[in-house]
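What follows is a set of notes on a single structure, which appears directly below.
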Amino acid sequence: MIKPEKNLPVIAIFIFIASIIVFSQIFSSEFRIKTLDIFRIPLKIISGSIYALRDVAGFRESQMENKILRENTTNLKKELLNLKEITLENERLRKLLDFKESERRKFVPALVISRDPSGLNDTVIIDRGKKDRIEKGMVVISGNGLAGRIIETGWRISRVLLITDYDSTFSGVVERTRDEGGVSGNMRTGLVMKYLDLGCDVKKGDKVITSGLYGVFEKGILIGEVVSVESDSTGLYMNAAIKPEVDIRKLEEVLVIR
Amino acid sequence: MLLFIWIIILGLLQSAASLNINFLVLFAIFAGLKKGPLWGLCIGIFIGVFAEVLSSSASGLNLMLYSGIGLLSGIIKQKIYYKEGIAMEFLFSFFGILFFYLAYFAFTRTAQTGVLFTIILSSIISPLLFKLIE
């Protein structure tokens with residue numbers, strides 16, 4: 001007869017190995033995201049409460065910001081008048097050229113409700129999914145910049161791989177010089193643009209946008225700003241450290257480009 | 001039963017609020033210390049399954065780490081050395097979480113700048129958390 005006390009290490013190791021084998025088979029990415037759908041409401045409540053607390057804490061700051069924004073509004077109104085005139089002119093010219101208007105992109109607003117619990121993967125969960133016609137591979141932006149892309153979709157939630165994650169690699173181009181390179185995530189330290197030509201004229205402060213190559217992201221989305229440029233360890237290429245336009249750590253609301 | 005509810009609530013809080021406290025590892029250590037290696041393993045498996053759902057890391061990694069920590073802390077307590085007290089709980093938590101992040105790094109080559117802060121903060125609150133759950 002098996003005595004649990006005596007055979008404890010054997011039983012424990014057996015359970016340990018068996019559970020890893022069994023659960024590793026079960027946990028496909030689709031299964032994970034479908035299960036996570038169950039926790040959507042509690043996650044939304046918790047994250048919503050935290051955002052509300054943050055808002056209360058930042059009330060004084062908001063008052064100051066409000067004052068500045070009011071001043072800016074006056075200036076913007078003047079600019080808007082000019083822009084309206086330009087738009088009308090543009091429409092007239094388009095008609096003249098018989099230009100076919102491309103299909104308009106739709107933006108789906110979403111709330112970040114969860115992050116990776118270990119803090120070792122730069123992924124977030126948003127409260128939109130297949131129900132809102134969100135699909136794998138769609139681009140996620142926040143403010144003016146690129147935030148990431150959808151990697152898993154559930155019925156009402158989706159997982160977003162942020163651009164700062166180690167697994168995130170895509171092609172970027174320096175706006176001013178048109179130099180191309182591979183942009184990789186470097187977790188909380190930001191992004192690195194690799195394989196720039198040795199003779200390139202990339203400088204601190206240059207804006208980096210998506211190149212649209214390899215189909216990961218569409219062309220022209222702002223990634224961030226170059227903070228430093230140095231040659232890589234092999235001495236064959238230059239690497240540029242990029243500060244993302246979007247503050248990944250403070251990500252609360254995002255837009256999914258559908 | 002109450003322990004499982006605690007795990008879910010604090011796990012969701014850790015995930016939603018992106019806290020610098022790793023409650024899930026602390027629960028695995030607590031299970032090993034207070035309930036023995038076999039229970040440490042079983043509760044570790046539950047935590048691992050829960051973390052698998054929340055996380056985007058390689059399938060099975062969380063399960064292996066959490067259940068391993070639960071099992072190991074129970075074995076160390078029973079077979080090697082343990083003395084009741086806050087200092088011991090702090091030490092087990094500190095080395096337990098350190099082991100978690102080192103093992104995670106070994107498998108994924110992923111590291112974060114704030115990990116040391118998370119380890120220290122989690123270890124400091126561990127005696128209080130253990131008392132609260134007990």
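Chain identifiers are assigned as A, B, and so on, following the order in which chains appear in the structure tokens; residues are numbered from 1 within each chain, and ligands are numbered from 1 in order of appearance.
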
Would you give me, as a Markdown table, each residue of stretch 54-88 of chain B having an atom within 8 Å of an atom of stretch 30-37 of chain B, along with its shortest atom pair and that distance in Å to one decimal, using only C-alpha atoms and sorting by chain and residue number?
| residue | atom | partner | partner_atom | distance |
| --- | --- | --- | --- | --- |
| B:Ile69 | CA | B:Gly32 | CA | 7.8 |
| B:Gly70 | CA | B:Gly32 | CA | 4.7 |
| B:Leu71 | CA | B:Pro37 | CA | 4.7 |
| B:Leu72 | CA | B:Pro37 | CA | 6.9 |
| B:Ser73 | CA | B:Gly32 | CA | 5.1 |
| B:Gly74 | CA | B:Pro37 | CA | 3.9 |
| B:Ile75 | CA | B:Pro37 | CA | 5.5 |
| B:Lys77 | CA | B:Leu33 | CA | 6.3 |
| B:Gln78 | CA | B:Gly36 | CA | 7.5 |

Determine which residues of stretch 35-90 of chain B DSSP labels as helix (DSSP H, G or I) from the backbone of this structure, then write them out as a PDB file with C-alpha atoms, in the first residue's frame.
ATOM      1  CA  LYS B  35       0.248  23.724   4.787  1.00  0.00           C
ATOM      2  CA  PRO B  37       4.825  20.578   0.479  1.00  0.00           C
ATOM      3  CA  LEU B  38       1.919  18.663  -1.047  1.00  0.00           C
ATOM      4  CA  TRP B  39      -0.580  21.447  -0.392  1.00  0.00           C
ATOM      5  CA  GLY B  40       2.084  23.949  -1.441  1.00  0.00           C
ATOM      6  CA  LEU B  41       2.287  22.130  -4.742  1.00  0.00           C
ATOM      7  CA  CYS B  42      -1.492  21.872  -5.219  1.00  0.00           C
ATOM      8  CA  ILE B  43      -2.132  25.530  -4.370  1.00  0.00           C
ATOM      9  CA  GLY B  44       0.903  26.440  -6.499  1.00  0.00           C
ATOM     10  CA  ILE B  45      -0.733  24.625  -9.425  1.00  0.00           C
ATOM     11  CA  PHE B  46      -3.937  26.607  -8.879  1.00  0.00           C
ATOM     12  CA  ILE B  47      -1.968  29.892  -8.780  1.00  0.00           C
ATOM     13  CA  GLY B  48      -0.014  28.811 -11.849  1.00  0.00           C
ATOM     14  CA  VAL B  49      -3.192  28.078 -13.801  1.00  0.00           C
ATOM     15  CA  PHE B  50      -4.630  31.446 -12.770  1.00  0.00           C
ATOM     16  CA  ALA B  51      -1.404  33.260 -13.739  1.00  0.00           C
ATOM     17  CA  GLU B  52      -1.342  31.420 -17.080  1.00  0.00           C
ATOM     18  CA  VAL B  53      -4.710  32.969 -17.913  1.00  0.00           C
ATOM     19  CA  LEU B  54      -3.599  36.473 -16.930  1.00  0.00           C
ATOM     20  CA  LEU B  61       5.996  28.528 -17.482  1.00  0.00           C
ATOM     21  CA  ASN B  62       3.888  30.158 -14.765  1.00  0.00           C
ATOM     22  CA  LEU B  63       2.459  26.814 -13.772  1.00  0.00           C
ATOM     23  CA  MET B  64       5.917  25.315 -13.365  1.00  0.00           C
ATOM     24  CA  LEU B  65       7.301  28.253 -11.390  1.00  0.00           C
ATOM     25  CA  TYR B  66       4.398  28.766  -8.958  1.00  0.00           C
ATOM     26  CA  SER B  67       3.887  25.076  -8.236  1.00  0.00           C
ATOM     27  CA  GLY B  68       7.649  24.598  -7.922  1.00  0.00           C
ATOM     28  CA  ILE B  69       7.912  27.440  -5.412  1.00  0.00           C
ATOM     29  CA  GLY B  70       4.992  26.054  -3.373  1.00  0.00           C
ATOM     30  CA  LEU B  71       6.578  22.607  -3.321  1.00  0.00           C
ATOM     31  CA  LEU B  72      10.103  23.844  -2.609  1.00  0.00           C
ATOM     32  CA  SER B  73       9.151  26.123   0.272  1.00  0.00           C
ATOM     33  CA  GLY B  74       7.266  23.228   1.879  1.00  0.00           C
ATOM     34  CA  ILE B  75      10.197  20.821   1.457  1.00  0.00           C
ATOM     35  CA  ILE B  76      12.730  23.349   2.760  1.00  0.00           C
ATOM     36  CA  LYS B  77      10.560  24.010   5.805  1.00  0.00           C
ATOM     37  CA  GLN B  78      10.039  20.310   6.576  1.00  0.00           C
ATOM     38  CA  LYS B  79      13.383  18.817   5.674  1.00  0.00           C
ATOM     39  CA  ILE B  80      15.948  21.595   6.029  1.00  0.00           C
ATOM     40  CA  ILE B  86       8.574  37.244  11.052  1.00  0.00           C
ATOM     41  CA  ALA B  87      12.260  37.077  10.101  1.00  0.00           C
ATOM     42  CA  MET B  88      11.892  33.587   8.661  1.00  0.00           C
ATOM     43  CA  GLU B  89       8.768  34.542   6.691  1.00  0.00           C
ATOM     44  CA  PHE B  90      10.640  37.542   5.314  1.00  0.00           C
TER      45      PHE B  90
END

From the set B:Leu3, B:Ala111, B:Ile97, B:Ile124, which residue has the shortest atom-to-atom contact distance to chain A, counting only C-alpha atoms?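 Checking each candidate against chain A, we get B:Ala111 as the closest.
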
Nearest to chain A, chosen from B:Trp6, B:Tyr104, B:Phe117, B:Tyr81, with only C-alpha atoms counted in the distances: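 Comparing B:Trp6, B:Tyr104, B:Phe117, B:Tyr81 against chain A, the winner is B:Tyr104.
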
Taking only C-alpha atoms into account, report as a compact mmCIF listing (two decimals) with C-alpha atoms, in the first residue's frame which residues of chain B lie within 6 Å of chain A.
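Everything below was put into iface_3.txt:
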# COMPACT_ATOMS: atom_id res chain seq x y z
CA GLN B 14 -1.95 42.80 -8.91
CA SER B 15 -2.79 42.52 -12.58
CA ALA B 16 -5.23 45.42 -12.92
CA VAL B 53 -4.71 32.97 -17.91
CA SER B 55 -0.13 36.30 -18.45
CA SER B 59 2.53 28.20 -21.96
CA GLY B 60 3.28 26.20 -18.80

Extract, using only C-alpha atoms, all DNA, RNA and protein residues at most 7 Å from B:Ser93, discarding same-chain residues fewer than 2 positions from it, and format them as a CSV table (one decimal) with N, CA and C atoms, in the first residue's frame.
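And here is the file that came out, selection18.csv:
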chain,number,residue,atom,x,y,z
B,26,LEU,N,3.8,35.1,-3.2
B,26,LEU,CA,3.7,35.1,-1.8
B,26,LEU,C,2.7,34.0,-1.3
B,29,ILE,N,4.3,30.6,-1.6
B,29,ILE,CA,5.2,30.4,-0.5
B,29,ILE,C,4.4,30.1,0.8
B,89,GLU,N,9.8,34.3,7.8
B,89,GLU,CA,8.8,34.5,6.7
B,89,GLU,C,9.3,35.5,5.7
B,90,PHE,N,10.0,36.5,6.2
B,90,PHE,CA,10.6,37.5,5.3
B,90,PHE,C,11.7,36.9,4.4
B,91,LEU,N,12.5,36.1,5.0
B,91,LEU,CA,13.6,35.4,4.3
B,91,LEU,C,13.1,34.5,3.2
B,95,PHE,N,13.8,35.1,-0.8
B,95,PHE,CA,14.5,34.2,-1.7
B,95,PHE,C,13.5,33.5,-2.6
B,96,GLY,N,12.3,33.3,-2.2
B,96,GLY,CA,11.3,32.7,-3.0
B,96,GLY,C,11.0,33.6,-4.3
B,97,ILE,N,10.8,34.9,-4.0
B,97,ILE,CA,10.5,35.8,-5.2
B,97,ILE,C,11.8,36.0,-6.0
B,123,SER,N,8.6,41.2,0.0
B,123,SER,CA,9.1,40.5,1.2
B,123,SER,C,8.8,41.2,2.5
B,126,SER,N,5.2,40.6,3.4
B,126,SER,CA,4.8,39.1,3.5
B,126,SER,C,4.4,38.7,4.9

Atom CA of A:Gly143 to atom CA of A:Lys130, straight-line distance in Å: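 So the answer is 23.3 Å.
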
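Rounded to one decimal, atom CA of B:Leu13 and atom CA of A:Leu191 lie 28.1 Å from each other.
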
Atomic distance atom CA of A:Ser142 - atom CA of A:Gly224, expressed in Å with one decimal: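 Atom-to-atom, atom CA of A:Ser142 and atom CA of A:Gly224 are spaced 12.1 Å apart.
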